[in-house]
Each structure stands twice: as structure tokens, then as C-alpha cells.
file my_file_10.txt (compact mmCIF, C-alpha atoms and all ligand atoms)
# COMPACT_ATOMS: atom_id res chain seq x y z
CA MET A 1 0.00 0.00 0.00
CA PRO A 2 1.14 3.59 -0.42
CA LEU A 3 1.96 5.45 2.79
CA VAL A 4 -1.05 6.70 4.72
CA SER A 5 -1.68 9.67 7.01
CA SER A 6 -1.62 9.08 10.77
CA LYS A 7 -4.83 11.12 11.17
CA PRO A 8 -7.53 8.50 10.37
CA ILE A 9 -5.47 5.73 11.98
CA LEU A 10 -5.22 7.55 15.30
CA GLU A 11 -8.86 8.61 15.14
CA GLU A 12 -9.84 4.95 14.76
CA ALA A 13 -7.55 4.04 17.67
CA LEU A 14 -9.30 6.66 19.79
CA ARG A 15 -12.72 5.26 18.84
CA GLN A 16 -11.77 1.62 19.38
CA HIS A 17 -9.50 2.11 22.44
CA PHE A 18 -6.32 0.63 21.07
CA ALA A 19 -2.95 2.23 20.36
CA VAL A 20 -0.89 2.27 17.20
CA GLY A 21 2.73 1.22 17.66
CA ALA A 22 5.14 3.95 16.53
CA PHE A 23 8.46 2.26 16.06
CA ASN A 24 11.80 3.96 15.45
CA ALA A 25 14.03 2.50 12.75
CA ASN A 26 17.55 3.42 11.64
CA ASN A 27 18.34 0.86 8.96
CA MET A 28 16.85 -1.56 6.46
CA GLU A 29 16.71 -4.55 8.81
CA GLN A 30 14.82 -2.65 11.52
CA VAL A 31 12.36 -1.27 8.96
CA GLN A 32 11.80 -4.78 7.54
CA ALA A 33 11.30 -6.30 11.00
CA ILE A 34 8.66 -3.70 11.88
CA VAL A 35 6.56 -3.99 8.72
CA GLU A 36 6.81 -7.79 8.64
CA ALA A 37 5.47 -8.01 12.21
CA ALA A 38 2.71 -5.50 11.41
CA GLN A 39 1.76 -7.42 8.27
CA GLU A 40 1.58 -10.75 10.11
CA GLU A 41 -0.39 -9.22 12.98
CA ARG A 42 -2.74 -7.27 10.63
CA ALA A 43 -1.94 -4.06 12.50
CA PRO A 44 -1.57 -0.48 11.29
CA VAL A 45 1.91 0.78 12.04
CA ILE A 46 3.83 4.04 12.31
CA LEU A 47 7.48 4.02 11.32
CA GLN A 48 9.16 7.04 12.73
CA VAL A 49 12.39 8.74 11.88
CA SER A 50 14.26 10.23 14.82
CA GLN A 51 16.88 12.97 14.78
CA GLY A 52 19.51 10.26 15.29
CA ALA A 53 18.18 8.29 12.30
CA ILE A 54 18.31 11.39 10.10
CA ARG A 55 21.94 11.94 11.16
CA TYR A 56 22.83 8.25 10.68
CA ALA A 57 21.02 7.31 7.46
CA GLY A 58 20.29 10.71 5.96
CA MET A 59 16.80 11.96 5.21
CA ALA A 60 16.57 10.36 1.74
CA PHE A 61 17.44 6.86 2.96
CA ALA A 62 15.42 7.13 6.16
CA ALA A 63 12.28 8.17 4.25
CA GLY A 64 12.96 6.00 1.20
CA LEU A 65 13.27 2.78 3.22
CA VAL A 66 9.90 3.34 4.85
CA LYS A 67 8.22 4.10 1.52
CA ILE A 68 9.55 0.85 0.03
CA ALA A 69 8.52 -1.09 3.14
CA ALA A 70 4.97 0.28 2.89
CA SER A 71 4.73 -0.73 -0.76
CA VAL A 72 5.30 -4.43 -0.02
CA VAL A 73 2.65 -4.87 2.72
CA SER A 74 -1.15 -4.72 2.84
CA VAL A 75 -1.50 -2.94 6.19
CA PRO A 76 -1.45 0.87 6.61
CA VAL A 77 2.04 2.29 7.16
CA VAL A 78 2.70 5.89 8.25
CA LEU A 79 6.01 7.74 7.79
CA HIS A 80 6.33 10.04 10.79
CA LEU A 81 8.91 12.61 11.88
CA ASP A 82 9.87 12.00 15.51
CA HIS A 83 10.78 14.98 17.74
CA GLY A 84 11.04 17.44 14.85
CA THR A 85 13.35 20.22 15.91
CA ASP A 86 11.99 23.28 14.13
CA PHE A 87 9.79 24.77 11.42
CA ASP A 88 12.33 24.24 8.63
CA GLN A 89 12.84 20.56 9.37
CA ASN A 90 9.08 19.98 9.31
CA VAL A 91 8.88 21.68 5.92
CA ARG A 92 11.75 19.51 4.63
CA CYS A 93 9.91 16.37 5.79
CA LEU A 94 6.66 17.54 4.24
CA TYR A 95 8.55 18.00 0.97
CA ALA A 96 10.23 14.57 1.35
CA GLY A 97 6.85 12.83 1.48
CA PHE A 98 6.34 12.24 5.22
CA THR A 99 2.70 11.51 6.04
CA SER A 100 2.81 12.70 9.64
CA LEU A 101 4.85 15.43 11.33
CA MET A 102 5.97 16.31 14.84
CA TYR A 103 7.27 19.49 16.33
CA ASP A 104 8.77 19.11 19.79
CA GLY A 105 8.84 22.54 21.39
CA SER A 106 8.58 21.10 24.90
CA LYS A 107 11.89 22.57 26.03
CA LYS A 108 10.96 26.02 24.75
CA PRO A 109 8.94 28.56 26.73
CA TYR A 110 5.20 27.78 26.48
CA GLU A 111 4.37 30.78 24.25
CA GLN A 112 7.12 29.85 21.81
CA ASN A 113 5.97 26.22 21.73
CA VAL A 114 2.45 27.43 20.92
CA ALA A 115 3.62 29.87 18.22
CA THR A 116 5.88 27.42 16.34
CA THR A 117 3.43 24.52 16.62
CA LYS A 118 0.65 26.75 15.26
CA LYS A 119 2.78 27.83 12.31
CA ILE A 120 3.66 24.20 11.43
CA VAL A 121 0.04 23.10 11.81
CA GLU A 122 -1.03 25.81 9.36
CA ILE A 123 1.30 24.73 6.57
CA ALA A 124 0.79 20.99 7.26
CA HIS A 125 -3.00 21.26 7.21
CA ALA A 126 -2.82 23.08 3.89
CA VAL A 127 -1.75 19.74 2.39
CA ASP A 128 -3.79 17.53 4.79
CA LEU A 129 -0.84 16.43 6.91
CA PRO A 130 -1.39 15.87 10.62
CA VAL A 131 0.96 17.24 13.30
CA GLU A 132 1.90 15.92 16.74
CA ALA A 133 3.25 18.33 19.36
CA GLU A 134 4.59 17.88 22.88
CA LEU A 135 3.48 19.61 26.05
CA GLY A 136 5.17 18.98 29.39
CA GLN A 137 8.53 17.28 28.97
CA VAL A 138 9.36 13.60 28.54
CA LEU A 139 12.87 13.69 30.01
CA GLN A 140 15.99 11.70 29.05
CA THR A 141 17.73 9.05 31.16
CA SER A 142 21.04 10.51 29.95
CA ASP A 143 20.23 13.59 32.05
CA ARG A 144 20.11 11.36 35.17
CA VAL A 145 16.70 12.66 36.13
CA THR A 146 15.14 12.28 39.57
CA TYR A 147 11.58 11.15 40.32
CA GLU A 148 10.81 14.72 41.45
CA GLN A 149 12.00 16.11 38.11
CA VAL A 150 9.85 13.63 36.20
CA CYS A 151 6.81 14.66 38.25
CA ALA A 152 7.54 18.38 37.84
CA ALA A 153 7.77 18.01 34.05
CA MET A 154 4.38 16.32 33.65
CA THR A 155 1.68 17.79 31.39
CA ASP A 156 -0.90 20.03 32.99
CA PRO A 157 -4.43 18.96 31.88
CA GLN A 158 -5.89 22.51 31.71
CA GLN A 159 -2.90 23.77 29.77
CA ALA A 160 -3.24 20.81 27.38
CA ARG A 161 -6.74 21.97 26.49
CA GLU A 162 -5.58 25.55 25.92
CA PHE A 163 -2.60 24.33 23.86
CA VAL A 164 -4.76 22.20 21.56
CA GLU A 165 -7.29 25.04 21.12
CA LEU A 166 -4.57 27.57 20.31
CA THR A 167 -2.53 25.41 17.93
CA GLY A 168 -5.07 23.10 16.25
CA VAL A 169 -2.61 20.22 16.69
CA ASP A 170 -3.85 16.73 15.72
CA SER A 171 -2.28 14.62 18.48
CA LEU A 172 -0.47 15.47 21.69
CA ALA A 173 2.59 13.87 23.28
CA ILE A 174 2.13 14.10 27.02
CA ALA A 175 4.54 13.69 29.91
CA CYS A 176 2.89 11.25 32.32
CA GLY A 177 5.63 9.27 34.06
CA SER A 178 7.86 7.80 31.38
CA VAL A 179 11.47 8.76 30.64
CA HIS A 180 13.18 8.30 27.27
CA ALA A 181 15.68 5.47 26.78
CA MET A 182 15.20 3.43 29.96
CA THR A 183 16.72 -0.04 29.55
CA SER A 184 14.40 -1.89 31.95
CA ARG A 185 10.63 -1.74 32.44
CA GLU A 186 10.23 -0.14 35.85
CA ALA A 187 8.23 3.05 35.35
CA GLU A 188 4.52 3.41 36.03
CA LEU A 189 2.35 5.96 34.32
CA ASP A 190 0.33 8.56 36.20
CA VAL A 191 -3.01 7.17 35.03
CA PRO A 192 -5.20 9.72 36.89
CA ARG A 193 -3.29 12.44 35.00
CA ILE A 194 -3.86 10.67 31.66
CA LYS A 195 -7.58 10.48 32.50
CA ALA A 196 -7.65 14.18 33.43
CA ILE A 197 -5.90 15.17 30.18
CA HIS A 198 -8.21 12.94 28.14
CA ALA A 199 -11.23 14.51 29.86
CA GLN A 200 -10.02 17.98 28.80
CA ILE A 201 -9.26 17.01 25.17
CA PRO A 202 -11.40 13.90 24.49
CA ASN A 203 -11.07 14.21 20.69
CA THR A 204 -7.29 14.48 20.62
CA PRO A 205 -5.29 11.22 20.45
CA LEU A 206 -2.66 11.19 23.22
CA VAL A 207 0.87 9.96 22.56
CA LEU A 208 3.13 8.08 24.97
CA HIS A 209 6.85 8.65 24.49
CA GLY A 210 9.57 6.69 26.24
CA SER A 211 7.51 3.52 26.47
CA SER A 212 10.48 1.12 26.61
CA GLY A 213 10.87 1.74 30.35
CA VAL A 214 7.19 1.44 31.28
CA LYS A 215 5.64 -1.69 32.83
CA HIS A 216 3.41 -3.44 30.33
CA GLU A 217 0.32 -3.37 32.55
CA SER A 218 0.75 0.38 33.00
CA VAL A 219 1.00 0.93 29.22
CA ALA A 220 -2.23 -1.06 28.79
CA GLU A 221 -3.96 1.09 31.42
CA GLY A 222 -2.79 4.25 29.67
CA ILE A 223 -4.24 2.95 26.39
CA ALA A 224 -7.57 2.29 28.07
CA HIS A 225 -7.69 5.99 29.03
CA GLY A 226 -6.77 7.83 25.85
CA ILE A 227 -3.23 6.90 24.77
CA CYS A 228 -3.56 6.14 21.03
CA LYS A 229 0.07 6.12 19.85
CA VAL A 230 2.93 4.44 21.72
CA ASN A 231 6.51 5.26 20.75
CA VAL A 232 9.08 2.48 21.05
CA ALA A 233 12.79 2.80 20.31
CA THR A 234 15.16 1.56 23.01
CA ALA A 235 13.54 -1.87 23.39
CA LEU A 236 13.97 -2.45 19.66
CA ASN A 237 17.60 -1.37 19.70
CA GLN A 238 18.30 -3.66 22.65
CA ALA A 239 16.74 -6.61 20.82
CA PHE A 240 18.61 -5.81 17.60
CA LEU A 241 21.97 -5.71 19.34
CA GLU A 242 21.26 -8.82 21.40
CA GLY A 243 20.38 -10.75 18.23
CA ILE A 244 23.56 -9.57 16.52
CA ARG A 245 25.68 -10.46 19.56
CA GLN A 246 24.25 -13.99 19.59
CA GLY A 247 24.91 -14.22 15.86
CA LEU A 248 28.52 -13.16 16.26
CA VAL A 249 28.99 -16.05 18.68
CA GLN A 250 26.96 -18.58 16.68
CA PHE A 251 28.59 -17.67 13.37
CA ALA A 252 32.02 -16.77 14.72
CA GLU A 253 33.79 -18.39 11.76
CA SER A 254 31.56 -16.84 9.08
CA THR A 255 32.49 -13.87 6.91
CA ASP A 256 28.82 -13.24 6.04
CA PRO A 257 27.49 -10.33 8.14
CA ARG A 258 23.92 -11.10 7.05
CA LYS A 259 23.84 -14.13 9.36
CA SER A 260 24.35 -12.06 12.53
CA ILE A 261 22.41 -9.01 11.38
CA GLY A 262 19.58 -11.33 10.30
CA LEU A 263 19.29 -12.63 13.86
CA GLY A 264 19.06 -9.00 15.00
CA ARG A 265 16.21 -8.47 12.53
CA ASP A 266 14.38 -11.58 13.81
CA ALA A 267 14.72 -10.36 17.39
CA VAL A 268 13.29 -6.92 16.56
CA LYS A 269 10.37 -8.53 14.76
CA GLU A 270 9.40 -10.53 17.85
CA ILE A 271 9.49 -7.45 20.10
CA VAL A 272 7.35 -5.50 17.63
CA ARG A 273 4.86 -8.38 17.54
CA GLU A 274 4.72 -8.44 21.36
CA LYS A 275 4.13 -4.66 21.51
CA ILE A 276 1.44 -4.72 18.80
CA ARG A 277 -0.46 -7.34 20.79
CA LEU A 278 -0.02 -5.36 24.02
CA PHE A 279 -1.31 -2.20 22.34
CA GLY A 280 -4.47 -3.99 21.14
CA SER A 281 -3.80 -3.21 17.48
CA ALA A 282 -3.38 -6.82 16.32
CA GLY A 283 -6.12 -7.99 13.97
CA VAL A 284 -7.76 -4.60 13.41
CA ILE A 285 -6.85 -4.49 9.68
CA ASP A 286 -8.60 -6.71 7.15
CA SER A 287 -7.13 -8.25 4.01
CA THR A 288 -7.96 -5.14 1.94
CA GLY A 289 -6.03 -2.82 4.25
CA GLY A 290 -9.15 -1.31 5.84
CA PHE A 291 -10.31 -1.52 9.44
CA VAL A 292 -12.20 -4.61 10.55
CA SER A 293 -15.47 -3.49 12.11
CA PRO A 294 -15.48 -3.70 15.94
CA LYS A 295 -18.47 -6.05 15.78
CA LYS A 296 -16.61 -8.49 13.55
CA GLN A 297 -13.59 -8.34 15.81
CA TYR A 298 -15.74 -9.12 18.82
CA ARG A 299 -17.23 -12.12 17.09
CA SER A 300 -13.80 -13.37 16.05
CA ALA A 301 -12.50 -13.03 19.60
CA GLU A 302 -15.54 -14.80 20.94
CA LEU A 303 -14.96 -17.70 18.59
CA GLY A 304 -11.29 -17.76 19.42
CA ALA A 305 -10.54 -17.39 15.72
CA VAL A 306 -8.13 -15.10 13.97
CA GLU A 307 -9.48 -13.94 10.65
O1 LIG A 401 10.27 9.24 20.40
C1 LIG A 401 10.68 8.10 20.66
C2 LIG A 401 10.27 7.40 21.85
O2 LIG A 401 9.72 8.22 22.78
C3 LIG A 401 11.08 6.23 22.26
O3 LIG A 401 11.35 6.12 23.64
O4 LIG A 401 13.44 4.80 23.48
O5 LIG A 401 12.25 5.06 25.63
O6 LIG A 401 11.26 3.67 23.83
P1 LIG A 401 12.12 4.83 24.16
ZN ZN A 402 10.11 10.45 22.25
call {"tool": "encode", "arguments": {"input": "my_file_10.txt", "output": "C-alpha cells", "more": "lines below"}}
Ligand code: G3H
Ligand code: ZN
result
Amino acid sequence: MPLVSSKPILEEALRQHFAVGAFNANNMEQVQAIVEAAQEERAPVILQVSQGAIRYAGMAFAAGLVKIAASVVSVPVVLHLDHGTDFDQNVRCLYAGFTSLMYDGSKKPYEQNVATTKKIVEIAHAVDLPVEAELGQVLQTSDRVTYEQVCAAMTDPQQAREFVELTGVDSLAIACGSVHAMTSREAELDVPRIKAIHAQIPNTPLVLHGSSGVKHESVAEGIAHGICKVNVATALNQAFLEGIRQGLVQFAESTDPRKSIGLGRDAVKEIVREKIRLFGSAGVIDSTGGFVSPKKQYRSAELGAVE
């Protein structure tokens, strides 16, 4: 299928109370692992390009790989900019064929975040592209953050409503207890805060960043209360490297790098599959690439059958 916009996918997630996996990829094998898992699980999927991926692969390769990946599967694939740094970069991505944008002005003063987000939303909406923005701050483990800092950086529900009204943004990344790049699942989300934000902006899909470090049951609870997009990066990188390490031992005598890298790809695919099932997005896409009706899904589940 050609790439699709994240807008209708996230709206459907909001209606049906599941979340779309938004997976970061830096190379061909990671991209392949993600779309293969999505295809097998009949799940819509967002492939997102981070600032690191743009530096590593270059914009043309990063975007081109995802476009090719989308063309070989029959589930909806979105090409999304992750943590876009400024107006110009968003315009470059729009021009490069991205089907979903993000501006992360969370470290900027509130008024500046509003002004730049609004400007990007205006140009993106002119060509029907949706925009994600961030309010509150999802912090980084590399900054050695304390629990108090994480709490202080959380999104304010009233401000979230004002922000969405002022900017017209399509989805909102919220800070609700996760921290980017954690290597073990220990964090718990502030679910009452997610509920309060959702109550203020019930029609805006909420986005969870930094999900790799969040306990699975907490992610599921967040999804039940308005989280519609879950970003995953570190867990995939860990799996990729672990697979390669095993391959380097198993194929120590081989001169073929594909053997080890292939095990990395297999490992990423299994993690993506696990996340898709956790997010409730498995089986929501039919063989034509459209959404299965909720009624049909219910019947399938009841019969214990996978259509
Ligand atoms: O934007 C990307 C994500 O928030 C990934 O976070 O590396 O902690 O899974 P993570
Ligand atoms: Zn993030």
C-alpha cells in the first residue's frame, strides 16, 4: 500500500481504544522487521524517523526505506517525523513525502511552543498532513533525572486543552511518568493524570513517548484511558543488538554479516509483535487494508478465531 496519514489511523484508535505502535528505525533490517510483524499481525503501524536516524542514514534513505517497506505490505504504514526540531525541518519532511509530522517545542517557553506549533500546523494542514506536538517534557535518562524532576515536568491537563485550542494540533505527546531510553521496564504511568488530560481534550489522540521503560500493565492502562500512539525505540535497539551479539557467537567463523544481522532483525520482529499485541492493534486491519469493524472483531474473539 502507499503510505497513509496518521490522522484517520489515530482517530480509529481513539474510537476503538487501542494504540498504534510507533516504532523507530535506523536501517533496512529494523524497517523490515517492523513492517513484517505489522503485516503478520494485521496491525496499522507508524514508522518514525528520529533525529539520530536522520543523522545516521540521511533523510533520503530514512524516508525511502519506509516508503519501500509500505509498498510491499497490505497494512497501513505511516512515515512520521519523531521529535522534529523546528519549522524548517518539518517543511523539509513535508517535501520529502512524510505523512505525519511532529514538532517538539517542549523545552521552549510555552508561548514559543504554541507559536511554532501553530505555524507548522497551518502549513501541514494546507496539504492535509497531521501534526503531533509535545506539552510537558518527557525527560531523558542521559540527564540522570530524579523522580521529582519527572513529576515536575508532567503535562498540565488545563494547559493541554488551551494548547490544543490555540494550535489546532492533531495529536499530543504528554509527559505522564515515562522517561526516554530506559533499559528496563520499571516506570509506572500517572493514570489519573492521563484520565484528566483525556477529559479535557477527548477528541485528541494522546501519545506516549519513552515507552520502553514502562511496565506493560501500565501501558495497557494508559491505552484504556486515551493513549492512542505508543513510541518504542530503546527496546527495539536492545533486541537488535542482542540478536547480533548472539549471531557473532553462533557464526564466529563466518564472513557473512547477514547471518548475525539477520538474527538482529528476527529479534526486533518478535518485540514489535509483542508490543502490537499489548497495544491492542493486532487484527484490526482486514485483508484489503481497511479496518475490521469492531463487531466483527468481537465475534472473532468470541470464537477464538483469527481472521
Ligand atoms: O520518540 C521516541 C520514543 O519516545 C522512544 O522512547 O526509546 O524510551 O522507547 P524509548
Ligand atoms: Zn520520544
call {"tool": "closest_residue", "arguments": {"input": "my_file_10.txt", "among": "A:Met102, A:Val219, A:Val49, A:Val145", "to": "A:Cys176", "atoms": "only C-alpha atoms"}}
result
A:Val219
call {"tool": "residues_near_ligand", "arguments": {"input": "my_file_10.txt", "ligand": "ligand ZN 402 (chain A)", "cutoff": "9 Å", "atoms": "all atoms listed in the file", "output": "list in words"}}
result
Ser50, Asp82, His83, Val138, Leu139, Ala173, Val179, His180, Ala181, Leu208, His209, Gly210, Ser211, Asn231, Val232 and Ala233 of chain A
call {"tool": "axis_aligned_box", "arguments": {"input": "my_file_10.txt", "around": "ligand LIG 401 (chain A)", "padding_each_side": "5 Å", "output": "AutoDock Vina command-line options"}}
result
--center_x 11.6 --center_y 6.5 --center_z 23.0 --size_x 13.7 --size_y 15.6 --size_z 15.2
call {"tool": "closest_residue", "arguments": {"input": "my_file_10.txt", "among": "A:Ala25, A:Ala53, A:Ala70, A:Val45", "to": "A:Pro2", "atoms": "only C-alpha atoms"}}
result
A:Ala70
call {"tool": "residues_around", "arguments": {"input": "my_file_10.txt", "residues": "stretch 243-248 of chain A", "least_positions_apart": "5", "cutoff": "12 Å", "atoms": "only C-alpha atoms", "output": "PyMOL selection string"}}
result
chain A and resi 29-30+236-238+253-271
call {"tool": "residues_around", "arguments": {"input": "my_file_10.txt", "residues": "A:Asp190", "least_positions_apart": "2", "cutoff": "12 Å", "atoms": "all atoms listed in the file", "output": "list in words"}}
result
Val150, Cys151, Met154, Thr155, Asp156, Ile174, Ala175, Cys176, Gly177, Ser178, Ala187, Glu188, Pro192, Arg193, Ile194, Lys195, Ala196, Ile197, Leu208, Val214, Ser218, Val219, Glu221, Gly222 and His225 of chain A
call {"tool": "closest_residue", "arguments": {"input": "my_file_10.txt", "among": "A:Pro44, A:Gly21, A:Pro8, A:Pro294", "to": "ligand LIG 401 (chain A)", "atoms": "only C-alpha atoms and all ligand atoms"}}
result
A:Gly21
